[in-house]
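One structure is given here, and the rest of the page talks about it.
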Amino acid sequence: MGSDVSEQGPVVSQARLVLAHAPGMVRHGSKPARELEADPDLAEALFGSLRTFEEAMAYPPNQAFLGALHPRELPERPWVSASADGAERFAPHGEHMPEEELLGLMAAVDEFELLTLGEEVCERAAAALDRHPLGESLDLDRLGAAAGDPEEAAERPGSLPLHLGGEHLVGAMHRADEEDVALHAPVLLENLAAKATATLALLHLVRGADIDPDSIDYVIGCGEEAIGDRYQRGGGNLGKSVAAAAGLGEASGADLKNFCAAPIPALVVAASLVSAGVFQRVAVVAGGSLPKLGMKFEGHLKHEMPVLEDVLAGAAALVERDDGGSPRIRLDAVGRHTVKAGGSNDRIMRALAVEPLERVGIEMLGVDDYATELHNPEVTEPQGSGNVPERNYKIIAALAKRRGEIERDDMDSFVAERGMPGYSPTQGHIASALCYLPHACRRLTGEGGAERVMMLAKGSLFLGRMSELSDGMSVLLERNPNGG
Amino acid sequence: MRELLEGKKVVALGERDGVSGPAIEACIKAAGGEVVLSATECFV
């Protein structure tokens, strides 16, 4: 390896994803919680429409998420009544964890005894996690500290009852401060769930790829949770918390915030740190978004479908200097949505999908896969939210047509061949291109068949009411010329 | 064109992944309408 740092990468050497089945937490999703408070009679229909672990695991989009098949290999919809053949908990990208183990995992990463779980659940979860391939990396003694009486725990002032599935009370999440709403139980539950799922993904990455945990210098958190107390609500830092929980003793970390779009700038910042020689190995992590559980449940119930938003997701990626085989991150082909680009989707997509390619002299047809907002349309359409990936792909295809690279009649095939059906749970930042990263790594190495993948994500600044703008960023990944 | 929405008050609800609020607002104004509320939302 030469001494010129510009020739030392950066590459994405590993990427992992996890799902954790959380039907009992659907009631604490933002939308279900509000609707249940307004109409408690909804409970019967909502809880009666939750899926079993086996149903959620076999759901074809979840299998595509975990790498058992490529999204373009998904069967025709409806997927909700389909079941992937031979679906297994452990898949190429990670795993699908059952809810009881998720609760145990949350207890194992709970450093402040915020969580109480019933003794039977603690015992079963501890036994299951002890058998888990990553179990030796978890502090299972904490499950003993979490054991208690669920009824008593749920009745403590400010505590939030926790259930397995619909209505089986198994414990409670406690507030950390009586007066500080930033440390009340609902907020802490979101944050602990995010920490647990991000830690699980990072452990899969480190242990699964036999990475020395002490070789990772920095961890960038790019989830959407607001970590902090009332004086710095949302100030962070989950990245270092996850690094500690995963046993990365030599790492530090910080969070990078940009709504759903944050994972792409996080990858770019990680690659820049490596390229500049500041760090040799940087992990990017994101945990699940609990508020988005059950977000579209009304549409599902209306169409007599099960509640499909019943999983938390987690993601981890490792960025490091060129290893001679992993996909390269093209820092000269980063697209950004500038302030003056305004708010039209056409302008945004041009800034993200066209301008960076023009800058480095690559045609849009030179990109094999475009990964954009990959929310599962079977989740969003019943609620009237449409097919989000399809809308974005049509704009990308229209831009290719405008550039004269394809004819109008070729637009559908452009979308079919270079886009893909949305397959991700509506887990915000994880559905925003990040969920494709492990697929991209496989496509860009060995017999994967691709030379370039563009990752493209958007974030909704306007939701915070500080700007009417949205934001977005894209980055080009490329097969390693040294042999991938 | 200008008279299409003349005298009409319009609420413009845009979407991040579709047509944004400001883009709808520009069309409505071009058609002579009055935008009383414009917003862009994200549905995922």
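Each chain of the structure tokens is named A, B, ... in the order shown, its residues numbered from 1; ligands are numbered from 1 in display order.
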### Task
Give as a ChimeraX atom specification every residue of chain A that touches chain B within 7 Å, counting only C-alpha atoms.
/A:343-345,385,388,391-392,426,428,460
### Query
Near B:Lys9, counting only C-alpha atoms, which residues have an atom at most 9 Å away, once you skip same-chain residues fewer than 2 positions from it, shown as a ChimeraX atom specification?
/B:5-7,11,33-36
If you keep C-alpha atoms, can you produce a file of those selected residues as a CSV table (one decimal), in the first residue's frame?
```
chain,number,residue,atom,x,y,z
B,5,LEU,CA,-58.6,29.8,-10.1
B,6,GLU,CA,-59.5,33.5,-9.9
B,7,GLY,CA,-61.2,34.3,-6.6
B,11,VAL,CA,-54.8,24.8,0.5
B,33,GLY,CA,-55.7,31.4,-7.0
B,34,GLU,CA,-54.9,32.5,-3.5
B,35,VAL,CA,-52.9,30.1,-1.4
B,36,VAL,CA,-54.1,30.3,2.2
```
### Task
In Å, rounded to a single decimal, give me how far atom CA of A:Lys195 is from atom CA of A:Gly9.
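Atom CA of A:Gly9 sits 29.2 Å away from atom CA of A:Lys195.
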### Message
Give me, as a ChimeraX atom specification, the residues of chain B that a backbone DSSP run labels strand (DSSP E or B).
### Response
/B:9-15,34-41
### Task
Pick out the residues sitting within 12 Å of A:Pro213, and hand them over as a PyMOL selection string; count only C-alpha atoms, and ignore anything fewer than 6 positions along from it in its own chain.
chain A and resi 137+202-207+219+243-251+281-283+318
Restricted to N, CA and C atoms, what would the selected residues look like written as a PDB file, in the first residue's frame?
```pdb
ATOM      1  N   SER A 137     -20.915 -11.875  23.868  1.00  0.00           N
ATOM      2  CA  SER A 137     -20.559 -10.449  23.794  1.00  0.00           C
ATOM      3  C   SER A 137     -21.526  -9.573  24.582  1.00  0.00           C
ATOM      4  N   LEU A 202     -24.117  -4.116  14.986  1.00  0.00           N
ATOM      5  CA  LEU A 202     -22.664  -3.940  15.068  1.00  0.00           C
ATOM      6  C   LEU A 202     -21.973  -5.219  15.533  1.00  0.00           C
ATOM      7  N   LEU A 203     -22.609  -5.924  16.459  1.00  0.00           N
ATOM      8  CA  LEU A 203     -22.033  -7.200  16.900  1.00  0.00           C
ATOM      9  C   LEU A 203     -22.012  -8.225  15.767  1.00  0.00           C
ATOM     10  N   HIS A 204     -23.081  -8.250  14.968  1.00  0.00           N
ATOM     11  CA  HIS A 204     -23.081  -9.146  13.806  1.00  0.00           C
ATOM     12  C   HIS A 204     -21.925  -8.804  12.875  1.00  0.00           C
ATOM     13  N   LEU A 205     -21.683  -7.519  12.710  1.00  0.00           N
ATOM     14  CA  LEU A 205     -20.603  -7.095  11.815  1.00  0.00           C
ATOM     15  C   LEU A 205     -19.240  -7.510  12.379  1.00  0.00           C
ATOM     16  N   VAL A 206     -19.012  -7.170  13.634  1.00  0.00           N
ATOM     17  CA  VAL A 206     -17.685  -7.407  14.227  1.00  0.00           C
ATOM     18  C   VAL A 206     -17.428  -8.896  14.409  1.00  0.00           C
ATOM     19  N   ARG A 207     -18.374  -9.577  15.019  1.00  0.00           N
ATOM     20  CA  ARG A 207     -18.152 -11.006  15.298  1.00  0.00           C
ATOM     21  C   ARG A 207     -18.325 -11.848  14.044  1.00  0.00           C
ATOM     22  N   VAL A 219     -17.079   5.362  15.842  1.00  0.00           N
ATOM     23  CA  VAL A 219     -18.412   4.880  15.481  1.00  0.00           C
ATOM     24  C   VAL A 219     -19.332   6.089  15.309  1.00  0.00           C
ATOM     25  N   ALA A 243     -20.893   1.686  20.587  1.00  0.00           N
ATOM     26  CA  ALA A 243     -19.511   1.186  20.545  1.00  0.00           C
ATOM     27  C   ALA A 243     -19.170   0.496  21.862  1.00  0.00           C
ATOM     28  N   ALA A 244     -19.559   1.117  22.964  1.00  0.00           N
ATOM     29  CA  ALA A 244     -19.266   0.536  24.281  1.00  0.00           C
ATOM     30  C   ALA A 244     -20.037  -0.765  24.478  1.00  0.00           C
ATOM     31  N   ALA A 245     -21.301  -0.761  24.102  1.00  0.00           N
ATOM     32  CA  ALA A 245     -22.131  -1.953  24.294  1.00  0.00           C
ATOM     33  C   ALA A 245     -21.624  -3.121  23.462  1.00  0.00           C
ATOM     34  N   ALA A 246     -20.997  -2.820  22.327  1.00  0.00           N
ATOM     35  CA  ALA A 246     -20.484  -3.878  21.454  1.00  0.00           C
ATOM     36  C   ALA A 246     -19.041  -4.244  21.773  1.00  0.00           C
ATOM     37  N   GLY A 247     -18.478  -3.622  22.797  1.00  0.00           N
ATOM     38  CA  GLY A 247     -17.137  -3.994  23.243  1.00  0.00           C
ATOM     39  C   GLY A 247     -16.008  -3.426  22.413  1.00  0.00           C
ATOM     40  N   LEU A 248     -16.243  -2.277  21.780  1.00  0.00           N
ATOM     41  CA  LEU A 248     -15.199  -1.638  20.977  1.00  0.00           C
ATOM     42  C   LEU A 248     -14.376  -0.712  21.874  1.00  0.00           C
ATOM     43  N   GLY A 249     -13.470  -1.290  22.620  1.00  0.00           N
ATOM     44  CA  GLY A 249     -12.785  -0.557  23.676  1.00  0.00           C
ATOM     45  C   GLY A 249     -11.904   0.579  23.206  1.00  0.00           C
ATOM     46  N   GLU A 250     -11.416   0.525  21.984  1.00  0.00           N
ATOM     47  CA  GLU A 250     -10.513   1.572  21.493  1.00  0.00           C
ATOM     48  C   GLU A 250     -11.239   2.633  20.676  1.00  0.00           C
ATOM     49  N   ALA A 251     -12.561   2.501  20.591  1.00  0.00           N
ATOM     50  CA  ALA A 251     -13.320   3.437  19.744  1.00  0.00           C
ATOM     51  C   ALA A 251     -13.860   4.609  20.550  1.00  0.00           C
ATOM     52  N   ARG A 281     -10.298   2.735  10.659  1.00  0.00           N
ATOM     53  CA  ARG A 281     -11.565   2.003  10.550  1.00  0.00           C
ATOM     54  C   ARG A 281     -12.658   2.778  11.264  1.00  0.00           C
ATOM     55  N   VAL A 282     -13.734   3.066  10.551  1.00  0.00           N
ATOM     56  CA  VAL A 282     -14.869   3.801  11.120  1.00  0.00           C
ATOM     57  C   VAL A 282     -16.141   2.986  10.872  1.00  0.00           C
ATOM     58  N   ALA A 283     -16.903   2.761  11.922  1.00  0.00           N
ATOM     59  CA  ALA A 283     -18.197   2.075  11.771  1.00  0.00           C
ATOM     60  C   ALA A 283     -19.315   3.108  11.729  1.00  0.00           C
ATOM     61  N   LEU A 318     -18.915  -0.953   7.957  1.00  0.00           N
ATOM     62  CA  LEU A 318     -17.520  -0.661   8.303  1.00  0.00           C
ATOM     63  C   LEU A 318     -16.831  -0.037   7.099  1.00  0.00           C
TER      64      LEU A 318
END
```
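Note that atom CA of A:Gly384 and atom CA of A:Leu301 are 13.0 Å apart.
Neighbouring residues of A:Asn258 at 8 Å or closer, counting only C-alpha atoms and skipping chain neighbours under 2 positions away, are Cys222, Glu224, Leu256, Cys260, Ala261, Ala262, Gly459, Leu461 and Asp471 of chain A.
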### Query
Separation of atom CA of A:Leu357 and atom CA of A:Val11, in Å?
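Atom CA of A:Val11 lies 18.7 Å from atom CA of A:Leu357.
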### Message
Please list as an NGL selection string every residue within 7 Å of A:Leu290, counting only C-alpha atoms and excluding residues in the same chain fewer than 3 positions away.
### Response
:A and (29 or 190 or 293 or 312)
